[in-house]
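Trainee: As input, take my_file_26.cif (mmCIF, C-alpha atoms):
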data_entry
loop_
_atom_site.group_PDB
_atom_site.id
_atom_site.type_symbol
_atom_site.label_atom_id
_atom_site.label_comp_id
_atom_site.auth_asym_id
_atom_site.auth_seq_id
_atom_site.Cartn_x
_atom_site.Cartn_y
_atom_site.Cartn_z
ATOM 1 C CA MET X 1 -24.918 -43.646 88.344
ATOM 2 C CA SER X 2 -24.358 -44.015 84.623
ATOM 3 C CA PRO X 3 -20.900 -43.282 83.186
ATOM 4 C CA ILE X 4 -22.185 -40.017 81.688
ATOM 5 C CA GLU X 5 -23.762 -38.967 85.003
ATOM 6 C CA THR X 6 -20.524 -39.722 86.828
ATOM 7 C CA LEU X 7 -18.471 -37.712 84.326
ATOM 8 C CA GLU X 8 -20.961 -34.840 84.581
ATOM 9 C CA ALA X 9 -20.588 -34.895 88.375
ATOM 10 C CA GLY X 10 -16.804 -34.817 88.012
ATOM 11 C CA LEU X 11 -16.874 -31.905 85.596
ATOM 12 C CA GLY X 12 -19.167 -30.028 87.968
ATOM 13 C CA GLN X 13 -16.863 -30.841 90.878
ATOM 14 C CA PHE X 14 -13.858 -29.525 88.962
ATOM 15 C CA ARG X 15 -15.671 -26.337 88.012
ATOM 16 C CA ALA X 16 -16.568 -25.789 91.679
ATOM 17 C CA ALA X 17 -12.944 -26.365 92.701
ATOM 18 C CA ILE X 18 -11.820 -23.656 90.265
ATOM 19 C CA THR X 19 -14.326 -21.154 91.651
ATOM 20 C CA ASN X 20 -12.820 -21.667 95.114
ATOM 21 C CA VAL X 21 -9.354 -20.449 94.057
ATOM 22 C CA ASP X 22 -8.748 -16.729 94.411
ATOM 23 C CA ASP X 23 -6.277 -14.738 92.290
ATOM 24 C CA VAL X 24 -3.425 -15.252 94.760
ATOM 25 C CA GLY X 25 -4.173 -18.975 95.069
ATOM 26 C CA TRP X 26 -3.225 -19.720 91.457
ATOM 27 C CA ASP X 27 0.461 -19.480 92.383
ATOM 28 C CA THR X 28 0.091 -21.955 95.269
ATOM 29 C CA PRO X 29 2.241 -25.095 95.059
ATOM 30 C CA THR X 30 0.198 -28.284 94.798
ATOM 31 C CA ASN X 31 0.475 -31.912 95.807
ATOM 32 C CA CYS X 32 1.179 -32.569 92.099
ATOM 33 C CA GLU X 33 4.742 -31.265 92.270
ATOM 34 C CA PRO X 34 6.215 -29.196 90.748
ATOM 35 C CA TRP X 35 2.976 -27.693 89.460
ATOM 36 C CA SER X 36 1.274 -24.557 90.737
ATOM 37 C CA ALA X 37 -2.504 -24.469 91.132
ATOM 38 C CA ARG X 38 -2.735 -22.766 87.707
ATOM 39 C CA GLN X 39 -0.627 -25.484 86.083
ATOM 40 C CA LEU X 40 -2.651 -28.236 87.762
ATOM 41 C CA ALA X 41 -5.948 -26.723 86.622
ATOM 42 C CA SER X 42 -4.547 -26.234 83.106
ATOM 43 C CA HIS X 43 -3.356 -29.863 83.043
ATOM 44 C CA ALA X 44 -6.811 -31.081 84.070
ATOM 45 C CA LEU X 45 -8.559 -28.941 81.444
ATOM 46 C CA ASN X 46 -6.132 -30.050 78.740
ATOM 47 C CA SER X 47 -6.700 -33.656 79.759
ATOM 48 C CA GLN X 48 -10.412 -33.226 79.045
ATOM 49 C CA LEU X 49 -9.522 -31.795 75.617
ATOM 50 C CA LEU X 50 -7.171 -34.714 74.967
ATOM 51 C CA TRP X 51 -10.049 -37.162 75.509
ATOM 52 C CA VAL X 52 -12.364 -35.120 73.298
ATOM 53 C CA GLY X 53 -9.673 -35.421 70.630
ATOM 54 C CA VAL X 54 -9.694 -39.198 71.107
ATOM 55 C CA LEU X 55 -13.458 -39.244 70.524
ATOM 56 C CA THR X 56 -13.454 -36.935 67.530
ATOM 57 C CA GLY X 57 -10.186 -37.940 65.867
ATOM 58 C CA ARG X 58 -8.922 -34.341 66.044
ATOM 59 C CA GLU X 59 -5.883 -33.329 68.070
ATOM 60 C CA LEU X 60 -7.112 -30.433 70.203
ATOM 61 C CA VAL X 61 -4.054 -30.585 72.458
ATOM 62 C CA SER X 62 -0.897 -32.666 72.410
ATOM 63 C CA ILE X 63 -0.197 -35.200 75.111
ATOM 64 C CA GLY X 64 3.044 -33.275 75.698
ATOM 65 C CA ALA X 65 1.125 -30.096 76.524
ATOM 66 C CA VAL X 66 -1.096 -32.063 78.893
ATOM 67 C CA MET X 67 1.790 -33.691 80.743
ATOM 68 C CA LYS X 68 3.890 -30.495 80.877
ATOM 69 C CA ALA X 69 0.938 -28.689 82.487
ATOM 70 C CA GLU X 70 1.420 -25.679 80.254
ATOM 71 C CA PRO X 71 -0.595 -22.995 82.061
ATOM 72 C CA PHE X 72 -3.495 -21.154 80.505
ATOM 73 C CA GLU X 73 -3.270 -17.409 80.960
ATOM 74 C CA GLY X 74 -6.155 -15.237 82.042
ATOM 75 C CA ASP X 75 -9.396 -16.206 83.719
ATOM 76 C CA LEU X 76 -9.413 -19.968 84.249
ATOM 77 C CA MET X 77 -13.140 -19.946 84.956
ATOM 78 C CA VAL X 78 -13.795 -18.794 81.394
ATOM 79 C CA LYS X 79 -11.486 -21.509 80.042
ATOM 80 C CA ALA X 80 -13.080 -24.130 82.305
ATOM 81 C CA ASP X 81 -16.569 -23.273 81.075
ATOM 82 C CA GLU X 82 -15.370 -23.514 77.471
ATOM 83 C CA VAL X 83 -13.625 -26.883 77.984
ATOM 84 C CA ILE X 84 -16.487 -28.371 80.005
ATOM 85 C CA ALA X 85 -18.974 -27.419 77.282
ATOM 86 C CA ILE X 86 -16.758 -29.060 74.632
ATOM 87 C CA ALA X 87 -16.366 -32.216 76.749
ATOM 88 C CA ARG X 88 -20.089 -32.476 77.451
ATOM 89 C CA GLU X 89 -20.957 -32.135 73.786
ATOM 90 C CA ALA X 90 -18.432 -34.796 72.766
ATOM 91 C CA TRP X 91 -19.465 -37.350 75.392
ATOM 92 C CA HIS X 92 -23.183 -36.845 74.701
ATOM 93 C CA ALA X 93 -22.784 -37.483 70.958
ATOM 94 C CA ASP X 94 -24.825 -40.388 69.621
ATOM 95 C CA GLY X 95 -22.995 -43.698 69.734
ATOM 96 C CA VAL X 96 -19.839 -42.389 71.423
ATOM 97 C CA LEU X 97 -20.014 -44.850 74.325
ATOM 98 C CA GLU X 98 -20.556 -47.822 72.007
ATOM 99 C CA ALA X 99 -17.903 -46.856 69.454
ATOM 100 C CA ILE X 100 -14.339 -48.158 69.586
ATOM 101 C CA HIS X 101 -11.759 -45.354 69.963
ATOM 102 C CA GLN X 102 -8.002 -45.333 69.480
ATOM 103 C CA THR X 103 -6.686 -44.187 72.878
ATOM 104 C CA PRO X 104 -3.254 -43.885 74.504
ATOM 105 C CA PHE X 105 -4.061 -47.337 75.967
ATOM 106 C CA GLY X 106 -5.002 -48.972 72.668
ATOM 107 C CA GLU X 107 -8.468 -49.474 71.253
ATOM 108 C CA LEU X 108 -11.208 -49.042 73.851
ATOM 109 C CA PRO X 109 -14.965 -48.675 73.719
ATOM 110 C CA GLY X 110 -16.202 -45.258 74.788
ATOM 111 C CA SER X 111 -17.864 -46.896 77.784
ATOM 112 C CA VAL X 112 -14.365 -47.717 79.111
ATOM 113 C CA ALA X 113 -12.521 -44.636 77.823
ATOM 114 C CA ILE X 114 -14.908 -42.323 79.698
ATOM 115 C CA ASN X 115 -13.462 -43.582 82.971
ATOM 116 C CA PHE X 116 -10.165 -41.759 82.395
ATOM 117 C CA PRO X 117 -11.515 -38.189 82.060
ATOM 118 C CA THR X 118 -13.956 -38.990 84.861
ATOM 119 C CA ILE X 119 -11.329 -39.938 87.424
ATOM 120 C CA ASP X 120 -9.137 -37.119 86.182
ATOM 121 C CA SER X 121 -11.861 -34.556 86.882
ATOM 122 C CA PHE X 122 -12.524 -35.878 90.382
ATOM 123 C CA ALA X 123 -8.896 -36.467 91.376
ATOM 124 C CA HIS X 124 -7.767 -33.054 90.188
ATOM 125 C CA SER X 125 -10.740 -31.412 91.900
ATOM 126 C CA TRP X 126 -9.492 -32.942 95.116
ATOM 127 C CA ASP X 127 -5.858 -32.060 94.331
ATOM 128 C CA LEU X 128 -6.707 -28.443 93.589
ATOM 129 C CA SER X 129 -9.017 -28.033 96.580
ATOM 130 C CA SER X 130 -6.658 -29.615 99.082
ATOM 131 C CA SER X 131 -3.664 -27.678 97.745
ATOM 132 C CA VAL X 132 -5.328 -24.300 98.307
ATOM 133 C CA GLY X 133 -6.610 -25.262 101.751
ATOM 134 C CA GLU X 134 -10.200 -26.064 100.853
ATOM 135 C CA GLY X 135 -11.735 -29.293 102.056
ATOM 136 C CA LEU X 136 -13.453 -31.512 99.530
ATOM 137 C CA ASP X 137 -15.551 -34.578 100.135
ATOM 138 C CA PHE X 138 -17.161 -36.308 97.190
ATOM 139 C CA ALA X 139 -20.901 -36.934 97.336
ATOM 140 C CA ASP X 140 -21.813 -40.363 98.696
ATOM 141 C CA GLU X 141 -23.657 -41.287 95.507
ATOM 142 C CA VAL X 142 -20.495 -40.995 93.359
ATOM 143 C CA LEU X 143 -18.175 -42.969 95.647
ATOM 144 C CA PRO X 144 -19.110 -46.476 94.396
ATOM 145 C CA ALA X 145 -18.590 -45.459 90.763
ATOM 146 C CA LEU X 146 -15.257 -43.809 91.572
ATOM 147 C CA GLU X 147 -14.068 -46.830 93.533
ATOM 148 C CA ALA X 148 -14.840 -49.045 90.536
ATOM 149 C CA ILE X 149 -13.094 -46.667 88.133
ATOM 150 C CA ILE X 150 -9.938 -46.468 90.239
ATOM 151 C CA ALA X 151 -9.891 -50.257 90.661
ATOM 152 C CA MET X 152 -10.060 -50.590 86.861
ATOM 153 C CA ALA X 153 -7.775 -47.718 85.863
ATOM 154 C CA SER X 154 -5.041 -47.726 88.499
ATOM 155 C CA ASN X 155 -2.828 -50.626 87.543
ATOM 156 C CA GLU X 156 0.799 -51.314 86.765
ATOM 157 C CA ALA X 157 0.449 -50.167 83.152
ATOM 158 C CA THR X 158 -1.111 -46.798 83.995
ATOM 159 C CA ARG X 159 1.292 -46.293 86.906
ATOM 160 C CA SER X 160 4.251 -46.944 84.581
ATOM 161 C CA MET X 161 2.868 -44.207 82.294
ATOM 162 C CA GLY X 162 2.800 -41.765 85.221
ATOM 163 C CA LEU X 163 -0.982 -41.513 85.291
ATOM 164 C CA PHE X 164 -1.307 -42.937 88.794
ATOM 165 C CA ALA X 165 1.094 -43.358 91.681
ATOM 166 C CA GLU X 166 1.255 -46.368 93.949
ATOM 167 C CA PRO X 167 -1.564 -46.383 96.506
ATOM 168 C CA THR X 168 -0.656 -44.688 99.787
ATOM 169 C CA ASP X 169 -1.715 -45.397 103.352
ATOM 170 C CA PRO X 170 -4.367 -42.934 104.470
ATOM 171 C CA PRO X 171 -4.564 -41.767 108.096
ATOM 172 C CA LEU X 172 -6.561 -44.054 110.376
ATOM 173 C CA ASP X 173 -9.308 -41.442 110.668
ATOM 174 C CA ALA X 174 -9.482 -40.794 106.895
ATOM 175 C CA ASN X 175 -12.914 -40.218 105.449
ATOM 176 C CA ALA X 176 -14.244 -42.006 102.356
ATOM 177 C CA THR X 177 -12.914 -39.390 99.930
ATOM 178 C CA GLU X 178 -9.443 -39.438 101.497
ATOM 179 C CA ARG X 179 -9.319 -43.248 101.395
ATOM 180 C CA LEU X 180 -10.341 -43.157 97.745
ATOM 181 C CA MET X 181 -7.687 -40.583 96.877
ATOM 182 C CA ALA X 182 -5.061 -42.617 98.749
ATOM 183 C CA SER X 183 -6.021 -45.623 96.618
ATOM 184 C CA ALA X 184 -5.363 -43.411 93.575
ATOM 185 C CA GLY X 185 -1.866 -42.653 94.856
ATOM 186 C CA ARG X 186 -2.463 -39.370 96.678
ATOM 187 C CA THR X 187 -0.730 -38.635 99.964
ATOM 188 C CA ILE X 188 -3.220 -37.322 102.486
ATOM 189 C CA ARG X 189 -1.799 -34.287 104.261
ATOM 190 C CA ARG X 190 -3.582 -32.274 106.876
ATOM 191 C CA ALA X 191 -2.783 -28.840 108.225
#
Could you quickly redo this structure as structure tokens?
Mentor:
Amino acid sequence: MSPIETLEAGLGQFRAAITNVDDVGWDTPTNCEPWSARQLASHALNSQLLWVGVLTGRELVSIGAVMKAEPFEGDLMVKADEVIAIAREAWHADGVLEAIHQTPFGELPGSVAINFPTIDSFAHSWDLSSSVGEGLDFADEVLPALEAIIAMASNEATRSMGLFAEPTDPPLDANATERLMASAGRTIRRA
């Protein structure tokens, strides 16, 4: 899969995760403590806007708002559709993958920077789904790309910034998605 195709799959996965949360579920605690499901979803949407700001040179959201998980009010599906449309437009712009962008990690080509919103969309899809009691397994065709992204992005520097936690040990019977999320620092809990 190309980087754009992988990001598109992640955005679609996140949108699906949001549709699976009912009104009561938005107050559910998540594995991203101390955030509620609403805060987690808001963090993930703001993260997409942060990366669009990197691409366009406009601050759409502050990194503080992203990391504080300031919750969006109202219908999160409406907000998700709005943010996903903005992200798609920005990442599909001519030359964006080849251009060098000033990122929180220094100057990076778009072809590398795209990995951060991609893993964010997938990881937070899994976080949100597992926190509200929904199972989520990533499609087999995206697993190799996600493994490569996590291997590249999850390192001492990004862990020191709080973007990733240390890898955890998944259960012996963990599936491919659970093993991948454990490598990204998630603790696999089962009911």
Trainee: Convert the output of the PyMOL selection byres ((chain X and resi 148-150) around 12) on the shown file into explicit residues, formatted as a PyMOL selection string.
Mentor: chain X and resi 1+3+6-7+111-120+122-123+142-147+151-155+158-159+163-167+179-185
Trainee: Find the residues of range 94-149 of chain X that sit at most 12 Å from range 13-37 of chain X; for each, write down the nearest two atoms and how far apart they are in Å, to one decimal. Count all atoms listed in the file. Sort by chain, then by number going up, and give it as CSV.
Mentor:
residue,atom,partner,partner_atom,distance
X:Pro117,CA,X:Phe14,CA,11.3
X:Thr118,CA,X:Phe14,CA,10.3
X:Ile119,CA,X:Phe14,CA,10.8
X:Asp120,CA,X:Phe14,CA,9.4
X:Ser121,CA,X:Phe14,CA,5.8
X:Phe122,CA,X:Phe14,CA,6.6
X:Ala123,CA,X:Phe14,CA,8.9
X:His124,CA,X:Phe14,CA,7.1
X:Ser125,CA,X:Phe14,CA,4.7
X:Trp126,CA,X:Ala17,CA,7.8
X:Asp127,CA,X:Asn31,CA,6.5
X:Leu128,CA,X:Ala37,CA,6.3
X:Ser129,CA,X:Ala17,CA,5.8
X:Ser130,CA,X:Asn31,CA,8.2
X:Ser131,CA,X:Thr30,CA,4.9
X:Val132,CA,X:Gly25,CA,6.3
X:Gly133,CA,X:Val21,CA,9.5
X:Glu134,CA,X:Asn20,CA,7.7
X:Gly135,CA,X:Ala17,CA,9.9
X:Leu136,CA,X:Ala17,CA,8.6
X:Asp137,CA,X:Gln13,CA,10.1
X:Phe138,CA,X:Gln13,CA,8.4
X:Ala139,CA,X:Gln13,CA,9.8
X:Val142,CA,X:Gln13,CA,11.1
Trainee: I need the residues from that last selection saved to file as a PDB file, keeping the file's coordinate frame (with C-alpha atoms), if you can.
Mentor:
ATOM      1  CA  PRO X 117     -11.515 -38.189  82.060  1.00  0.00           C
ATOM      2  CA  THR X 118     -13.956 -38.990  84.861  1.00  0.00           C
ATOM      3  CA  ILE X 119     -11.329 -39.938  87.424  1.00  0.00           C
ATOM      4  CA  ASP X 120      -9.137 -37.119  86.182  1.00  0.00           C
ATOM      5  CA  SER X 121     -11.861 -34.556  86.882  1.00  0.00           C
ATOM      6  CA  PHE X 122     -12.524 -35.878  90.382  1.00  0.00           C
ATOM      7  CA  ALA X 123      -8.896 -36.467  91.376  1.00  0.00           C
ATOM      8  CA  HIS X 124      -7.767 -33.054  90.188  1.00  0.00           C
ATOM      9  CA  SER X 125     -10.740 -31.412  91.900  1.00  0.00           C
ATOM     10  CA  TRP X 126      -9.492 -32.942  95.116  1.00  0.00           C
ATOM     11  CA  ASP X 127      -5.858 -32.060  94.331  1.00  0.00           C
ATOM     12  CA  LEU X 128      -6.707 -28.443  93.589  1.00  0.00           C
ATOM     13  CA  SER X 129      -9.017 -28.033  96.580  1.00  0.00           C
ATOM     14  CA  SER X 130      -6.658 -29.615  99.082  1.00  0.00           C
ATOM     15  CA  SER X 131      -3.664 -27.678  97.745  1.00  0.00           C
ATOM     16  CA  VAL X 132      -5.328 -24.300  98.307  1.00  0.00           C
ATOM     17  CA  GLY X 133      -6.610 -25.262 101.751  1.00  0.00           C
ATOM     18  CA  GLU X 134     -10.200 -26.064 100.853  1.00  0.00           C
ATOM     19  CA  GLY X 135     -11.735 -29.293 102.056  1.00  0.00           C
ATOM     20  CA  LEU X 136     -13.453 -31.512  99.530  1.00  0.00           C
ATOM     21  CA  ASP X 137     -15.551 -34.578 100.135  1.00  0.00           C
ATOM     22  CA  PHE X 138     -17.161 -36.308  97.190  1.00  0.00           C
ATOM     23  CA  ALA X 139     -20.901 -36.934  97.336  1.00  0.00           C
ATOM     24  CA  VAL X 142     -20.495 -40.995  93.359  1.00  0.00           C
TER      25      VAL X 142
END
Trainee: Could you work out how far CA of Lys68 in chain X lies from CA of Leu108 in chain X, giving the answer in Å with one decimal?
Mentor: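 Separation between CA of Leu108 in chain X and CA of Lys68 in chain X: 24.9 Å.
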Trainee: Run the PyMOL selection byres ((chain X and resi 39-44) around 6) against the file shown and list the residues it catches, as an mmCIF file with C-alpha atoms, in the frame of the given file.
Mentor:
data_model
loop_
_atom_site.group_PDB
_atom_site.id
_atom_site.type_symbol
_atom_site.label_atom_id
_atom_site.label_comp_id
_atom_site.auth_asym_id
_atom_site.auth_seq_id
_atom_site.Cartn_x
_atom_site.Cartn_y
_atom_site.Cartn_z
ATOM 1 C CA TRP X 35 2.976 -27.693 89.460
ATOM 2 C CA SER X 36 1.274 -24.557 90.737
ATOM 3 C CA ALA X 37 -2.504 -24.469 91.132
ATOM 4 C CA ARG X 38 -2.735 -22.766 87.707
ATOM 5 C CA LEU X 45 -8.559 -28.941 81.444
ATOM 6 C CA ASN X 46 -6.132 -30.050 78.740
ATOM 7 C CA SER X 47 -6.700 -33.656 79.759
ATOM 8 C CA VAL X 66 -1.096 -32.063 78.893
ATOM 9 C CA ALA X 69 0.938 -28.689 82.487
ATOM 10 C CA PRO X 71 -0.595 -22.995 82.061
ATOM 11 C CA PHE X 72 -3.495 -21.154 80.505
#
Trainee: On this structure, the PyMOL selection byres ((chain X and resi 55) around 8) would catch which residues? List them as a ChimeraX atom specification, sorted by chain and number.
Mentor: /X:51-54,56-57,90-91,96,101,110
